[in-house]
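Okay, structure first, notes after.
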Amino acid sequence: MKTFEGLYVATLTPFDPQDRLDIGVLRAHIRFLVSHGVKGICPCGTTGEFLYLTLAEKVRIVEEAMRAAEGRAAVIAGCWALRPAEIRLLARAAEDAGADAVFLPPPIYYPADDSTIERHYAVAREACSLPVFAYNIPAYAANTVSADCLERMLAGGIIAGVKDSSARSERMQELVSRFGERMRVFAASDSFATEARQIGAHGFISALANVYPAEFLKLWDGAAGLQEWVDALRTAVKKSGGIVAIKHLATRRGFPFGEARVPSSPLGEAQLGALAEVAAPPAVKEA
């Protein structure tokens with residue numbers, strides 16, 4: 001099993017003008033990320049627009065990601081779906097493709113108690129032999145994977161790690177102190193990278209590293225001066241539609257990701273200007 005540490009990228013999903021998966025761009029982009037030394041990639045997650053992908057598309061994305069990574073970076077595949085049978089299908093497909101692990105957000109929209117969340121994760125655990133990562137993203141899922149729930153799932157052999165996107169220092173401190181010796185603890189939310197590293201997270205999963213892998217590797221290694229730029233960049237991206245803005249920045253970098261499927265509007269001149277102002281990373285000293 002991979003050690004699961006360091007900088008991972010929550011990869012974007014490219015679409016061609018006919019709204020089909022653009023496999024050529026997907027392969028080229030993953031090779032680009034791997035060539036810069038990222039430790040892993042996480043396809044079919046929030047940044048990858050997983051809610052707007054079909055089951056067949058998710059399976060294909062993971063298969064192509066594995067081929068493009070060529071074993072030089074770990075692949076943790078998203079296996080979220082609305083129904084348990086579909087989660088099982090995606091978890092098995094990830095294992096068949098050779099993925100190193102799967103990650104799974106909790107049930108979304110409707111309130112779910114800890115018992116329901118545990119059963120949700122047990123579906124993935126029972127479907128494959130891969131490590132399962134819980135993905136806590138309460139701002140979008142509307143359900144939090146509590147520390148006590150994580151404890152019971154770890155004790156029951158259901159999970160092997162957690163990705164926490166709450167961007168709350170007290171939450172990350174609790175996860176690291178309580179679980180850091182027993183399972184992998186990853187942080188997310190790009191504005192939280194430096195703080196997560198200082199707290200002691202094993203790794204970090206970034207959205208903006210789709211465009212700036214070299215800079216985020218330096219950031220995770222402790223380079224001074226980059227977090228302020230990342231914060232400004234993230235603010236501009238959030239004000240410009242999120243994923244659609246990251247796809248715009250990736251296209252500027254030479255990877256035409258196409259339109260976003262998430263509900264969004266075309267970027268206006270003011271948004272494009274704001275992104276252009278912060279698109280160039282600053283020169284920084286190595287840690």
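To be explicit about the labels: the chains of the structure tokens are called A, B, and onward in the order shown, and within each one the residues are counted from 1, while ligands get numbers from 1 in the order they are shown.
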
Find the residues of region 12-73 of chain A that sit at most 8 Å from region 256-278 of chain A; for each, write down the nearest two atoms and how far apart they are in Å, to one decimal. Count only C-alpha atoms. Sort by chain, then by number going up, and give it as CSV.
```
residue,atom,partner,partner_atom,distance
A:Leu12,CA,A:Phe257,CA,7.8
A:Thr13,CA,A:Phe257,CA,7.0
A:Pro14,CA,A:Phe257,CA,4.2
A:Phe15,CA,A:Gly258,CA,5.2
A:Asp16,CA,A:Gly258,CA,5.8
A:Pro17,CA,A:Gly258,CA,6.8
A:Asp19,CA,A:Glu259,CA,7.8
A:Asp22,CA,A:Phe257,CA,7.8
A:Val25,CA,A:Pro256,CA,7.0
A:Glu49,CA,A:Val262,CA,6.6
A:Tyr52,CA,A:Arg261,CA,6.3
```

Next, write the just-selected residues to a file, as a PDB file, in the first residue's frame, keeping N, CA and C atoms as the atom set.
```pdb
ATOM      1  N   LEU A  12      -9.370  18.151 -12.293  1.00  0.00           N
ATOM      2  CA  LEU A  12     -10.477  18.617 -13.118  1.00  0.00           C
ATOM      3  C   LEU A  12     -10.878  17.541 -14.128  1.00  0.00           C
ATOM      4  N   THR A  13     -12.088  17.664 -14.651  1.00  0.00           N
ATOM      5  CA  THR A  13     -12.549  16.778 -15.717  1.00  0.00           C
ATOM      6  C   THR A  13     -12.684  17.580 -17.008  1.00  0.00           C
ATOM      7  N   PRO A  14     -11.971  17.190 -18.076  1.00  0.00           N
ATOM      8  CA  PRO A  14     -12.054  17.940 -19.339  1.00  0.00           C
ATOM      9  C   PRO A  14     -13.191  17.464 -20.231  1.00  0.00           C
ATOM     10  N   PHE A  15     -13.869  18.425 -20.866  1.00  0.00           N
ATOM     11  CA  PHE A  15     -14.936  18.124 -21.815  1.00  0.00           C
ATOM     12  C   PHE A  15     -14.632  18.799 -23.145  1.00  0.00           C
ATOM     13  N   ASP A  16     -14.976  18.109 -24.229  1.00  0.00           N
ATOM     14  CA  ASP A  16     -14.769  18.694 -25.555  1.00  0.00           C
ATOM     15  C   ASP A  16     -15.983  19.565 -25.918  1.00  0.00           C
ATOM     16  N   PRO A  17     -15.978  20.228 -27.077  1.00  0.00           N
ATOM     17  CA  PRO A  17     -17.099  21.112 -27.441  1.00  0.00           C
ATOM     18  C   PRO A  17     -18.446  20.410 -27.533  1.00  0.00           C
ATOM     19  N   ASP A  19     -19.397  18.261 -25.271  1.00  0.00           N
ATOM     20  CA  ASP A  19     -19.662  17.880 -23.882  1.00  0.00           C
ATOM     21  C   ASP A  19     -19.336  16.418 -23.604  1.00  0.00           C
ATOM     22  N   ASP A  22     -12.871  14.598 -22.753  1.00  0.00           N
ATOM     23  CA  ASP A  22     -11.738  14.814 -23.648  1.00  0.00           C
ATOM     24  C   ASP A  22     -10.555  14.016 -23.092  1.00  0.00           C
ATOM     25  N   VAL A  25      -6.872  15.480 -23.424  1.00  0.00           N
ATOM     26  CA  VAL A  25      -6.531  16.500 -22.438  1.00  0.00           C
ATOM     27  C   VAL A  25      -6.334  15.874 -21.064  1.00  0.00           C
ATOM     28  N   GLU A  49     -16.183  17.619 -10.680  1.00  0.00           N
ATOM     29  CA  GLU A  49     -17.610  17.718 -11.007  1.00  0.00           C
ATOM     30  C   GLU A  49     -18.323  16.366 -10.921  1.00  0.00           C
ATOM     31  N   TYR A  52     -21.964  15.583 -11.773  1.00  0.00           N
ATOM     32  CA  TYR A  52     -22.427  15.761 -13.151  1.00  0.00           C
ATOM     33  C   TYR A  52     -21.770  14.772 -14.116  1.00  0.00           C
TER      34      TYR A  52
END
```

Item to check | Exercise: Pro107 (chain A) partners within 12 Å, only C-alpha atoms, chain neighbours under 4 positions left out, as a PyMOL selection string | outcome: chain A and resi 80-84+87+111-121+123+134-138+140-145

Could the residues in this selection be saved with N, CA and C atoms as a PDB file, in the first residue's frame?
```pdb
ATOM      1  N   TRP A  80     -18.232   8.177  -5.283  1.00  0.00           N
ATOM      2  CA  TRP A  80     -19.547   8.606  -4.816  1.00  0.00           C
ATOM      3  C   TRP A  80     -20.606   8.360  -5.875  1.00  0.00           C
ATOM      4  N   ALA A  81     -21.769   7.952  -5.408  1.00  0.00           N
ATOM      5  CA  ALA A  81     -22.953   7.816  -6.254  1.00  0.00           C
ATOM      6  C   ALA A  81     -24.171   7.893  -5.349  1.00  0.00           C
ATOM      7  N   LEU A  82     -25.340   8.080  -5.956  1.00  0.00           N
ATOM      8  CA  LEU A  82     -26.560   8.231  -5.171  1.00  0.00           C
ATOM      9  C   LEU A  82     -26.999   6.936  -4.504  1.00  0.00           C
ATOM     10  N   ARG A  83     -26.801   5.812  -5.189  1.00  0.00           N
ATOM     11  CA  ARG A  83     -27.325   4.540  -4.700  1.00  0.00           C
ATOM     12  C   ARG A  83     -26.195   3.585  -4.328  1.00  0.00           C
ATOM     13  N   PRO A  84     -26.410   2.764  -3.299  1.00  0.00           N
ATOM     14  CA  PRO A  84     -25.366   1.834  -2.864  1.00  0.00           C
ATOM     15  C   PRO A  84     -24.851   0.933  -3.978  1.00  0.00           C
ATOM     16  N   ILE A  87     -22.284   2.825  -5.882  1.00  0.00           N
ATOM     17  CA  ILE A  87     -21.035   2.969  -5.132  1.00  0.00           C
ATOM     18  C   ILE A  87     -20.228   1.677  -5.242  1.00  0.00           C
ATOM     19  N   PRO A 111     -30.363  15.048   5.891  1.00  0.00           N
ATOM     20  CA  PRO A 111     -29.592  14.827   7.118  1.00  0.00           C
ATOM     21  C   PRO A 111     -29.331  13.337   7.343  1.00  0.00           C
ATOM     22  N   ALA A 112     -28.115  13.030   7.788  1.00  0.00           N
ATOM     23  CA  ALA A 112     -27.742  11.637   8.058  1.00  0.00           C
ATOM     24  C   ALA A 112     -27.045  11.564   9.409  1.00  0.00           C
ATOM     25  N   ASP A 113     -27.479  10.639  10.253  1.00  0.00           N
ATOM     26  CA  ASP A 113     -26.798  10.473  11.540  1.00  0.00           C
ATOM     27  C   ASP A 113     -25.559   9.602  11.363  1.00  0.00           C
ATOM     28  N   ASP A 114     -24.798   9.440  12.447  1.00  0.00           N
ATOM     29  CA  ASP A 114     -23.545   8.692  12.362  1.00  0.00           C
ATOM     30  C   ASP A 114     -23.750   7.261  11.896  1.00  0.00           C
ATOM     31  N   SER A 115     -24.822   6.634  12.362  1.00  0.00           N
ATOM     32  CA  SER A 115     -25.083   5.246  11.971  1.00  0.00           C
ATOM     33  C   SER A 115     -25.313   5.135  10.468  1.00  0.00           C
ATOM     34  N   THR A 116     -26.060   6.080   9.914  1.00  0.00           N
ATOM     35  CA  THR A 116     -26.302   6.096   8.472  1.00  0.00           C
ATOM     36  C   THR A 116     -25.010   6.322   7.703  1.00  0.00           C
ATOM     37  N   ILE A 117     -24.174   7.229   8.198  1.00  0.00           N
ATOM     38  CA  ILE A 117     -22.900   7.519   7.539  1.00  0.00           C
ATOM     39  C   ILE A 117     -21.990   6.294   7.577  1.00  0.00           C
ATOM     40  N   GLU A 118     -21.961   5.588   8.687  1.00  0.00           N
ATOM     41  CA  GLU A 118     -21.147   4.379   8.785  1.00  0.00           C
ATOM     42  C   GLU A 118     -21.602   3.334   7.768  1.00  0.00           C
ATOM     43  N   ARG A 119     -22.906   3.137   7.636  1.00  0.00           N
ATOM     44  CA  ARG A 119     -23.419   2.166   6.657  1.00  0.00           C
ATOM     45  C   ARG A 119     -23.059   2.596   5.236  1.00  0.00           C
ATOM     46  N   HIS A 120     -23.098   3.881   4.994  1.00  0.00           N
ATOM     47  CA  HIS A 120     -22.735   4.427   3.686  1.00  0.00           C
ATOM     48  C   HIS A 120     -21.297   4.054   3.328  1.00  0.00           C
ATOM     49  N   TYR A 121     -20.372   4.232   4.265  1.00  0.00           N
ATOM     50  CA  TYR A 121     -18.971   3.905   3.987  1.00  0.00           C
ATOM     51  C   TYR A 121     -18.730   2.401   3.945  1.00  0.00           C
ATOM     52  N   VAL A 123     -20.495   0.294   2.541  1.00  0.00           N
ATOM     53  CA  VAL A 123     -20.804  -0.167   1.186  1.00  0.00           C
ATOM     54  C   VAL A 123     -19.524  -0.225   0.350  1.00  0.00           C
ATOM     55  N   ALA A 134     -12.552   8.465   4.048  1.00  0.00           N
ATOM     56  CA  ALA A 134     -13.724   9.297   4.264  1.00  0.00           C
ATOM     57  C   ALA A 134     -13.395  10.714   3.804  1.00  0.00           C
ATOM     58  N   TYR A 135     -14.378  11.373   3.230  1.00  0.00           N
ATOM     59  CA  TYR A 135     -14.187  12.727   2.687  1.00  0.00           C
ATOM     60  C   TYR A 135     -15.181  13.651   3.373  1.00  0.00           C
ATOM     61  N   ASN A 136     -14.694  14.415   4.324  1.00  0.00           N
ATOM     62  CA  ASN A 136     -15.548  15.318   5.086  1.00  0.00           C
ATOM     63  C   ASN A 136     -15.588  16.687   4.413  1.00  0.00           C
ATOM     64  N   ILE A 137     -16.742  17.063   3.885  1.00  0.00           N
ATOM     65  CA  ILE A 137     -16.908  18.351   3.210  1.00  0.00           C
ATOM     66  C   ILE A 137     -18.284  18.908   3.564  1.00  0.00           C
ATOM     67  N   PRO A 138     -18.449  19.315   4.813  1.00  0.00           N
ATOM     68  CA  PRO A 138     -19.781  19.694   5.311  1.00  0.00           C
ATOM     69  C   PRO A 138     -20.408  20.879   4.586  1.00  0.00           C
ATOM     70  N   TYR A 140     -20.654  21.432   1.503  1.00  0.00           N
ATOM     71  CA  TYR A 140     -21.363  20.981   0.312  1.00  0.00           C
ATOM     72  C   TYR A 140     -22.281  19.797   0.599  1.00  0.00           C
ATOM     73  N   ALA A 141     -21.832  18.888   1.454  1.00  0.00           N
ATOM     74  CA  ALA A 141     -22.605  17.674   1.698  1.00  0.00           C
ATOM     75  C   ALA A 141     -23.761  17.895   2.669  1.00  0.00           C
ATOM     76  N   ALA A 142     -23.626  18.910   3.523  1.00  0.00           N
ATOM     77  CA  ALA A 142     -24.618  19.198   4.569  1.00  0.00           C
ATOM     78  C   ALA A 142     -24.591  18.177   5.696  1.00  0.00           C
ATOM     79  N   ASN A 143     -23.666  17.214   5.635  1.00  0.00           N
ATOM     80  CA  ASN A 143     -23.471  16.254   6.708  1.00  0.00           C
ATOM     81  C   ASN A 143     -21.991  16.205   7.070  1.00  0.00           C
ATOM     82  N   THR A 144     -21.708  16.215   8.361  1.00  0.00           N
ATOM     83  CA  THR A 144     -20.328  16.145   8.848  1.00  0.00           C
ATOM     84  C   THR A 144     -19.997  14.723   9.278  1.00  0.00           C
ATOM     85  N   VAL A 145     -18.816  14.263   8.896  1.00  0.00           N
ATOM     86  CA  VAL A 145     -18.322  12.977   9.389  1.00  0.00           C
ATOM     87  C   VAL A 145     -17.612  13.272  10.704  1.00  0.00           C
TER      88      VAL A 145
END
```

Item to check | Residues within 7 Å of His36 (chain A), only C-alpha atoms, excluding chain neighbours under 2 positions, as a ChimeraX atom specification | outcome: /A:32-34,38,213-214

Item to check | Among the residues A:Leu226, A:Thr46, A:Ala167, A:Pro106, the one that comes closest to Leu150 (chain A) [using only C-alpha atoms] | outcome: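 The answer is A:Pro106, which sits nearest to Leu150 (chain A).
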
Checklist entry - For the atom pair CA of Ala28 (chain A) and CA of Phe255 (chain A), what is the interatomic distance in Å to one decimal place? => result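 Separating CA of Ala28 (chain A) from CA of Phe255 (chain A) is a distance of 7.9 Å.
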
Checklist entry - Do you know which residues are at most 9 Å from Ala97 (chain A) counting only C-alpha atoms, after dropping those on the same chain fewer than 6 positions away, and could you put them as a list in words? => result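 The residues that qualify are Val59, Val62, Glu63, Glu64, Met66 and Arg67 of chain A.
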
Item to check | Point-to-point distance from CA of Gln227 (chain A) to CA of Ala187 (chain A), Å rounded to tenths | outcome: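 CA of Ala187 (chain A) lies at a distance of 15.0 Å from CA of Gln227 (chain A).
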
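Proximity to Arg125 (chain A) was assessed for A:Pro105, A:Pro281, A:Gly45, A:Gly157 counting only C-alpha atoms; the smallest distance is recorded for A:Gly157.
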